[in-house]
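Listing of final.cif, mmCIF, C-alpha atoms
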```cif
data_query
#
loop_
_atom_site.label_atom_id
_atom_site.label_comp_id
_atom_site.auth_asym_id
_atom_site.auth_seq_id
_atom_site.Cartn_x
_atom_site.Cartn_y
_atom_site.Cartn_z
CA MET O 279 18.74 -101.22 -58.12
CA ALA O 280 20.68 -98.14 -59.25
CA VAL O 281 18.65 -95.07 -60.19
CA SER O 282 19.80 -93.32 -63.37
CA GLN O 283 20.51 -89.60 -63.19
CA PRO O 284 18.50 -87.11 -65.28
CA GLY O 285 20.07 -86.88 -68.74
CA TYR O 286 21.91 -90.16 -68.30
CA TYR O 287 20.53 -91.56 -71.57
CA ILE O 288 21.25 -88.42 -73.62
CA ARG O 289 23.94 -89.64 -76.00
CA SER O 290 24.82 -86.39 -77.78
CA PRO O 291 27.54 -84.43 -75.88
CA LEU O 292 26.02 -81.17 -77.11
CA ALA O 293 22.50 -82.08 -75.99
CA ARG O 294 23.86 -83.33 -72.66
CA ALA O 295 25.71 -80.02 -72.09
CA VAL O 296 22.59 -78.01 -72.86
CA TYR O 297 20.43 -80.20 -70.63
CA SER O 298 22.93 -79.93 -67.77
CA ARG O 299 22.99 -76.12 -68.11
CA ILE O 300 19.19 -75.96 -68.03
CA LEU O 301 19.14 -77.92 -64.78
CA GLU O 302 21.85 -75.67 -63.35
CA ASP O 303 19.90 -72.55 -64.37
CA GLN O 304 16.79 -73.84 -62.62
CA SER O 305 18.79 -74.38 -59.44
CA GLU O 306 20.40 -70.92 -59.65
CA GLN O 307 17.04 -69.19 -60.12
CA SER O 308 15.82 -70.51 -56.78
CA CYS O 309 18.94 -69.30 -54.93
CA ASN O 310 19.30 -65.82 -53.42
CA HIS O 311 23.12 -66.09 -53.59
CA SER O 312 23.57 -64.45 -50.19
CA TYR O 313 26.92 -66.24 -49.85
CA TRP O 314 28.24 -64.09 -52.71
CA TYR O 315 28.07 -61.07 -50.41
CA SER O 316 28.70 -62.48 -46.94
CA VAL O 317 31.78 -62.00 -44.77
CA ASN O 318 32.51 -63.58 -41.42
CA LEU O 319 33.08 -60.40 -39.45
CA GLU O 320 34.27 -62.32 -36.40
CA HIS O 321 37.40 -63.24 -38.36
CA LEU O 322 38.31 -59.60 -38.98
CA SER O 323 39.99 -57.09 -36.71
CA SER O 324 37.69 -54.51 -35.13
CA ASP O 325 38.90 -51.68 -37.39
CA LEU O 326 38.20 -53.68 -40.55
CA ARG O 327 34.90 -54.96 -39.16
CA ASN O 328 33.70 -51.37 -38.83
CA LYS O 329 34.64 -50.61 -42.45
CA PHE O 330 32.55 -53.41 -43.98
CA LEU O 331 29.58 -52.38 -46.15
CA GLN O 332 26.95 -55.09 -46.64
CA LEU O 333 25.49 -55.21 -50.14
CA GLY O 334 23.27 -57.76 -51.88
CA LYS O 335 21.83 -58.96 -55.17
CA ASP O 336 19.77 -56.08 -56.54
CA ASN O 337 17.58 -55.69 -59.63
CA GLU O 338 20.46 -54.71 -61.89
CA THR O 339 22.44 -57.79 -60.89
CA GLN O 340 19.39 -59.97 -61.51
CA ARG O 341 18.94 -58.44 -64.98
CA PHE O 342 22.55 -59.26 -65.85
CA LEU O 343 22.05 -62.88 -64.78
CA LYS O 344 18.80 -63.06 -66.76
CA ASP O 345 20.57 -61.72 -69.86
CA CYS O 346 23.33 -64.31 -69.37
CA GLY O 347 20.74 -67.08 -69.38
CA GLU O 348 19.12 -65.78 -72.55
CA LYS O 349 22.46 -65.49 -74.36
CA SER O 350 23.40 -69.04 -73.37
CA ASP O 351 20.19 -70.17 -75.09
CA TRP O 352 21.44 -68.81 -78.41
CA LEU O 353 22.58 -72.28 -79.43
CA PHE O 354 24.04 -71.55 -82.87
CA THR O 355 25.77 -68.37 -81.66
CA GLN O 356 27.36 -70.30 -78.80
CA ILE O 357 28.51 -73.06 -81.17
CA PHE O 358 29.99 -70.45 -83.51
CA HIS O 359 31.77 -68.72 -80.61
CA SER O 360 33.20 -72.03 -79.38
CA LEU O 361 34.53 -72.85 -82.83
CA VAL O 362 36.08 -69.42 -83.40
CA LYS O 363 37.57 -69.41 -79.91
CA PHE O 364 39.21 -72.79 -80.54
CA ILE O 365 40.72 -71.63 -83.85
CA LEU O 366 41.89 -68.20 -82.69
CA SER O 367 43.33 -69.48 -79.41
CA TRP O 368 46.44 -70.46 -81.36
CA VAL O 369 47.20 -66.82 -82.22
CA MET O 370 45.22 -64.68 -79.74
CA ASN O 371 44.69 -64.57 -75.99
CA LYS O 372 41.29 -65.11 -74.42
CA THR O 373 40.63 -61.44 -73.68
CA SER O 374 41.26 -60.38 -77.28
CA ILE O 375 39.07 -63.18 -78.62
CA ASN O 376 36.23 -62.07 -76.34
CA GLY O 377 36.69 -58.49 -77.55
CA LEU O 378 36.53 -59.61 -81.17
CA LEU O 379 33.38 -61.66 -80.62
CA LYS O 380 31.75 -59.15 -78.24
CA ARG O 381 31.29 -61.89 -75.66
CA GLY O 382 32.31 -62.54 -72.06
CA SER O 383 31.25 -59.19 -70.60
CA MET O 384 31.82 -58.75 -66.88
CA PHE O 385 29.65 -57.45 -64.05
CA ILE O 386 30.98 -56.41 -60.63
CA PHE O 387 28.57 -53.86 -59.23
CA SER O 388 25.34 -52.10 -60.14
CA GLN O 389 25.05 -48.33 -60.25
CA ASP O 390 23.34 -48.44 -56.86
CA HIS O 391 26.21 -50.52 -55.48
CA PHE O 392 28.73 -48.04 -56.88
CA SER O 393 26.83 -45.09 -55.43
CA SER O 394 26.74 -46.72 -51.98
CA LEU O 395 30.42 -47.65 -52.08
CA MET O 396 31.66 -44.24 -53.23
CA GLU O 397 29.01 -42.23 -51.36
CA ILE O 398 28.23 -40.19 -54.49
CA ASP O 399 25.24 -39.84 -56.78
CA SER O 400 24.80 -39.00 -60.46
CA HIS O 401 23.10 -35.66 -59.67
CA GLN O 402 26.33 -34.26 -58.26
CA LYS O 403 28.91 -35.43 -60.76
CA ARG O 404 32.59 -35.65 -59.98
CA ASP O 405 35.02 -34.37 -62.59
CA ARG O 406 37.34 -37.17 -63.80
CA LEU O 407 37.36 -40.98 -63.66
CA LEU O 408 40.20 -43.21 -64.84
CA ASP O 409 39.41 -46.92 -65.23
CA LEU O 410 42.57 -49.02 -65.57
CA GLY O 411 42.33 -52.21 -67.62
CA ALA O 412 38.76 -51.40 -68.62
CA GLY O 413 38.16 -54.42 -70.88
CA ASP O 414 35.09 -53.96 -73.08
CA GLY O 415 33.89 -51.01 -71.01
CA MET O 416 30.72 -52.61 -69.65
CA VAL O 417 31.83 -52.18 -66.02
CA THR O 418 33.10 -48.69 -66.84
CA ARG O 419 29.59 -47.80 -68.03
CA GLN O 420 28.27 -48.47 -64.54
CA MET O 421 30.48 -45.64 -63.25
CA ALA O 422 30.45 -43.26 -66.22
CA SER O 423 27.22 -41.39 -65.38
CA PHE O 424 28.77 -40.17 -62.11
CA PHE O 425 31.58 -38.24 -63.88
CA ASN O 426 32.03 -35.46 -66.41
CA GLU O 427 35.00 -37.14 -68.12
CA VAL O 428 35.88 -40.84 -68.35
CA PHE O 429 39.37 -42.06 -69.23
CA VAL O 430 40.40 -45.70 -69.71
CA THR O 431 43.42 -47.88 -70.38
CA GLU O 432 43.53 -51.33 -71.94
CA MET O 433 46.16 -53.70 -73.35
CA SER O 434 44.01 -55.71 -75.78
CA THR O 435 43.56 -54.21 -79.24
CA THR O 436 40.08 -55.65 -79.76
CA MET O 437 38.96 -54.42 -76.35
CA LYS O 438 40.21 -50.95 -77.31
CA TRP O 439 37.77 -51.10 -80.23
CA ARG O 440 34.92 -51.70 -77.77
CA LEU O 441 36.06 -48.84 -75.53
CA ASN O 442 36.14 -46.47 -78.51
CA GLU O 443 32.58 -47.53 -79.33
CA HIS O 444 31.53 -46.31 -75.86
CA GLY O 445 33.21 -42.95 -76.46
CA PHE O 446 35.65 -43.22 -73.57
CA LYS O 447 38.98 -41.40 -73.79
CA LEU O 448 41.68 -44.03 -74.27
CA LEU O 449 45.08 -43.44 -72.66
CA ASP O 450 48.34 -45.27 -73.31
CA THR O 451 49.09 -47.99 -70.76
CA GLU O 452 52.65 -46.71 -70.37
CA GLU O 453 51.87 -42.99 -70.20
CA TRP O 454 48.66 -42.51 -68.18
CA PHE O 455 50.75 -41.61 -65.11
CA SER O 456 53.24 -39.31 -66.87
CA ASP O 457 51.34 -36.02 -66.51
CA THR O 458 51.09 -35.59 -62.76
CA GLN O 459 49.29 -32.24 -63.21
CA GLU O 460 46.20 -34.07 -64.49
CA LYS O 461 44.77 -35.58 -61.32
CA TYR O 462 41.69 -37.81 -61.03
CA ASP O 463 38.79 -37.80 -58.60
CA VAL O 464 38.52 -41.59 -58.79
CA ILE O 465 40.83 -44.22 -60.26
CA SER O 466 39.33 -47.68 -60.55
CA CYS O 467 41.60 -50.70 -60.63
CA LEU O 468 39.19 -53.60 -61.01
CA ASN O 469 40.63 -57.12 -61.09
CA LEU O 470 43.90 -55.88 -62.55
CA LEU O 471 46.44 -56.42 -59.76
CA ASP O 472 46.35 -60.19 -60.22
CA ARG O 473 46.69 -59.85 -64.02
CA CYS O 474 49.63 -57.45 -64.36
CA GLU O 475 53.39 -57.89 -64.09
CA ARG O 476 54.04 -55.04 -61.63
CA PRO O 477 51.09 -54.56 -59.26
CA ILE O 478 53.05 -52.53 -56.67
CA GLU O 479 54.21 -50.14 -59.37
CA ILE O 480 50.61 -49.64 -60.51
CA LEU O 481 49.51 -48.84 -56.94
CA GLU O 482 52.35 -46.31 -56.67
CA HIS O 483 51.37 -44.65 -59.96
CA ILE O 484 47.73 -44.48 -58.85
CA ARG O 485 48.76 -42.73 -55.63
CA SER O 486 50.60 -40.06 -57.65
CA MET O 487 47.58 -39.45 -59.93
CA LEU O 488 44.79 -39.05 -57.36
CA LYS O 489 43.62 -35.61 -56.30
CA PRO O 490 45.08 -34.83 -52.86
CA GLY O 491 42.46 -35.01 -50.12
CA SER O 492 39.42 -35.92 -52.23
CA GLY O 493 40.84 -38.56 -54.59
CA ARG O 494 39.75 -42.16 -54.13
CA LEU O 495 40.98 -45.52 -55.39
CA LEU O 496 38.32 -48.12 -56.12
CA LEU O 497 40.11 -51.45 -55.98
CA ALA O 498 38.66 -54.88 -56.75
CA ILE O 499 40.67 -58.07 -56.43
CA VAL O 500 39.71 -61.73 -56.64
CA LEU O 501 40.32 -63.64 -53.41
CA PRO O 502 41.80 -66.14 -52.78
CA PHE O 503 44.62 -64.41 -54.65
CA SER O 504 45.87 -66.36 -57.66
CA PRO O 505 47.87 -64.16 -60.08
CA TYR O 506 48.10 -64.92 -63.79
CA VAL O 507 49.58 -62.43 -66.25
CA GLU O 508 47.89 -62.65 -69.64
CA PHE O 509 49.96 -59.91 -71.31
CA GLY O 510 53.49 -60.77 -70.22
CA VAL O 511 56.38 -63.19 -70.45
CA GLY O 512 55.76 -66.54 -68.79
CA ASN O 513 52.43 -65.47 -67.25
CA HIS O 514 54.18 -64.68 -63.93
CA GLN O 515 54.26 -61.45 -61.94
CA MET O 516 57.56 -59.61 -61.57
CA GLN O 517 56.47 -58.03 -58.28
CA HIS O 518 55.10 -59.98 -55.34
CA LEU O 519 52.09 -58.89 -53.31
CA ASN O 520 52.49 -60.00 -49.71
CA ILE O 521 49.01 -61.51 -49.28
CA CYS O 522 48.84 -64.25 -46.65
CA GLY O 523 46.11 -66.54 -45.36
CA LYS O 524 43.71 -69.02 -46.91
CA THR O 525 40.25 -67.59 -46.28
CA PHE O 526 38.65 -64.51 -47.80
CA GLU O 527 38.75 -62.72 -44.46
CA GLU O 528 42.41 -63.57 -43.79
CA GLN O 529 43.46 -62.30 -47.21
CA VAL O 530 41.44 -59.08 -46.88
CA GLN O 531 43.22 -58.43 -43.58
CA SER O 532 46.62 -59.26 -45.05
CA LEU O 533 46.16 -57.19 -48.21
CA THR O 534 45.12 -54.17 -46.16
CA LYS O 535 47.90 -54.38 -43.57
CA ASN O 536 50.77 -55.76 -45.68
CA VAL O 537 50.23 -54.01 -49.02
CA LEU O 538 47.81 -51.09 -49.05
CA GLU O 539 48.67 -49.31 -45.80
CA PRO O 540 52.48 -49.43 -46.34
CA LEU O 541 51.90 -47.85 -49.77
CA GLY O 542 50.13 -44.90 -48.21
CA TYR O 543 46.47 -45.87 -48.59
CA VAL O 544 43.74 -45.56 -45.97
CA LEU O 545 40.76 -47.92 -46.07
CA GLU O 546 37.45 -46.04 -46.12
CA ARG O 547 35.17 -49.06 -46.61
CA PHE O 548 35.07 -52.44 -48.31
CA THR O 549 32.58 -55.06 -49.39
CA ARG O 550 32.34 -58.48 -50.99
CA LEU O 551 30.78 -58.79 -54.44
CA PRO O 552 30.50 -61.48 -57.10
CA TYR O 553 32.74 -61.00 -60.15
CA LEU O 554 30.35 -62.27 -62.81
CA CYS O 555 31.08 -63.15 -66.43
CA GLU O 556 28.77 -64.07 -69.29
CA GLY O 557 28.79 -67.81 -69.90
CA ASP O 558 28.64 -70.28 -72.77
CA LEU O 559 27.00 -73.56 -73.74
CA HIS O 560 27.98 -75.21 -70.47
CA HIS O 561 27.17 -72.48 -67.94
CA SER O 562 25.03 -69.35 -68.22
CA PHE O 563 27.54 -67.39 -66.16
CA TYR O 564 30.80 -67.80 -64.30
CA TYR O 565 31.56 -66.41 -60.85
CA LEU O 566 34.55 -65.45 -58.72
CA SER O 567 34.66 -63.71 -55.34
CA ASP O 568 35.77 -60.08 -55.31
CA ALA O 569 36.95 -57.95 -52.42
CA VAL O 570 36.15 -54.35 -53.31
CA PHE O 571 37.93 -51.52 -51.44
CA VAL O 572 37.45 -47.76 -51.37
CA LEU O 573 40.75 -46.15 -50.41
CA SER O 574 41.94 -42.62 -49.76
CA LEU O 575 45.47 -41.26 -49.35
CA LYS O 576 47.29 -40.69 -46.08
#
```
The structure given in the file should be rewritten as structure tokens.
Amino acid sequence: MAVSQPGYYIRSPLARAVYSRILEDQSEQSCNHSYWYSVNLEHLSSDLRNKFLQLGKDNETQRFLKDCGEKSDWLFTQIFHSLVKFILSWVMNKTSINGLLKRGSMFIFSQDHFSSLMEIDSHQKRDRLLDLGAGDGMVTRQMASFFNEVFVTEMSTTMKWRLNEHGFKLLDTEEWFSDTQEKYDVISCLNLLDRCERPIEILEHIRSMLKPGSGRLLLAIVLPFSPYVEFGVGNHQMQHLNICGKTFEEQVQSLTKNVLEPLGYVLERFTRLPYLCEGDLHHSFYYLSDAVFVLSLK
């Protein structure tokens, strides 16, 4: 005799979605998510193996996940967001809709993670940070307390509104690299290379805008690499990143050797982190796998 699954007799699609999410949340709460942060070091070359920094799910990450669960429980808000998203999707892209609704915030690293990666602390502030493609500024906020001045760029108009609310200094996406006298201590390029038309050009501009000697690039990229250009013609990249391999480790190796080193970057350290996004009625949060690199200049 077949055994019915939990929720099998729930006829309402909405109730079934909520019930399924509750079960998923219960399962997630009992998981330590160590796989989010793990790398098979045996599949890396010895030089890369020595540059790996092991991080894990800390209190700040857990708070973000808890907040995601609470927001997903706001049933009428989630229904309203779903309806508005469906209507506006005919005239706006997903990023701009999220900016308008103040939803879909991202989380990559905690302040402790950032401090460990960059080997800096908030008591000895660096001068200038530039965060490229900063979105709603929530990830930028994790870095802001470590710097005296914070500059950002962003394509989406509604996301620019959110960045202005944070008080960050907004630069034009076509002019942030024009004044080469204004160098930056750190430039962060977080999950942008797979979403822009000319990723190699961006890496070249970053190199020209970092302070010689002390400047660092903080680069995050989703692996396996799957580019999609939201603000562009045809959603395809105009420049190709030579990233080979199928596994996370193979693509980290390929990105370092085939792209970053030929462009004049030196790997200081790297880690693996979850790229988390606030969820909806169906899931409390969404997750992708990020490779996060700290790079200096040759």
Task: Chain and number of each residue from the PyMOL selection byres ((chain O and resi 463) around 12), as a ChimeraX atom specification - done: /O:396,398,403-409,424-429,460-462,464-466,484-485,487-496,573-575
- [ ] Apply the PyMOL selection byres ((chain O and resi 528) around 12) to the displayed file and report the matching residues as a list of chain:residue names.
- [x]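 Expected selection for the PyMOL selection byres ((chain O and resi 528) around 12) here is O:Val317, O:Asn318, O:Leu319, O:Glu320, O:His321, O:Leu322, O:Ser323, O:Leu326, O:Leu501, O:Pro502, O:Phe503, O:Ile521, O:Cys522, O:Gly523, O:Lys524, O:Thr525, O:Phe526, O:Glu527, O:Gln529, O:Val530, O:Gln531, O:Ser532, O:Leu533, O:Thr534, O:Lys535, O:Asn536, O:Ala569.
Neighbours of range 368-373 of chain O closer than or equal to 10 Å, with all atoms listed in the file counted and sequence neighbours fewer than 6 positions away skipped, come out as Arg381, Gly382, Gly413, Asp414, Met433, Ser434, Thr435, Thr436, Met437, Glu508 and Phe509 of chain O.
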- [ ] Rank O:Glu452, O:Glu338, O:Asp325, O:Glu479 by their smallest atom-to-atom distance to Phe392 in chain O, using all atoms listed in the file, and report the top residue only.
- [x]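 For Phe392 in chain O, the nearest of the candidates is O:Glu338.
Put simply, the PyMOL selection byres ((chain O and resi 519) around 9) on this file hits Leu471, Pro477, Ile478, Gln517, His518, Asn520, Ile521, Leu533, Asn536 and Val537 of chain O.
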Task: Nearest to Phe571 in chain O by atom-to-atom distance, counting all atoms listed in the file, from O:Met516, O:Leu497, O:Leu554, O:Leu353 - done: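 Of O:Met516, O:Leu497, O:Leu554, O:Leu353, the one nearest Phe571 in chain O, counting all atoms listed in the file, is O:Leu497.
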- [ ] Identify which of the residues O:Ile375, O:Ala498, O:Cys467, O:Cys309 lies closest to Phe387 in chain O, counting only C-alpha atoms when measuring atom-to-atom distances.
- [x] O:Ala498
Open item on the list: Report, in Å to a single decimal, how far apart CA of His561 in chain O and CA of Thr355 in chain O are.
Closed with: 14.4 Å
Which centre and edge lengths in Å to one decimal define the box along x, y and z that fits every listed atom of range 521-538 of chain O plus 6 Å per side, as JSON?
```
{"center_x": 44.7, "center_y": -60.1, "center_z": -46.4, "size_x": 24.1, "size_y": 29.9, "size_z": 17.7}
```
Task: Point-to-point distance from CA of Trp314 in chain O to CA of Gly334 in chain O, Å rounded to tenths - done: 8.1 Å
Open item on the list: From the options O:Trp454, O:Phe358, O:Ile386, O:Asp336, which residue's atoms come nearest to Tyr565 in chain O, counting only C-alpha atoms?
Closed with: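 Smallest separation from Tyr565 in chain O among the options: O:Ile386.
Atom pair CA of Arg473 in chain O / CA of Met384 in chain O: separated by 15.2 Å.
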TODO: Pick out the closest residue to Lys447 in chain O from this set: O:Glu539, O:Phe354, O:Gly415, O:Gly557. Count only C-alpha atoms.
DONE: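 Smallest separation from Lys447 in chain O among the options: O:Gly415.
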- [ ] Go through O:Ala412, O:Val417, O:Leu333, O:Val570 one by one, measure the shortest atom-to-atom distance of each to Trp439 in chain O using all atoms listed in the file, and give the residue with the smallest value.
- [x]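 Closest candidate: O:Ala412.
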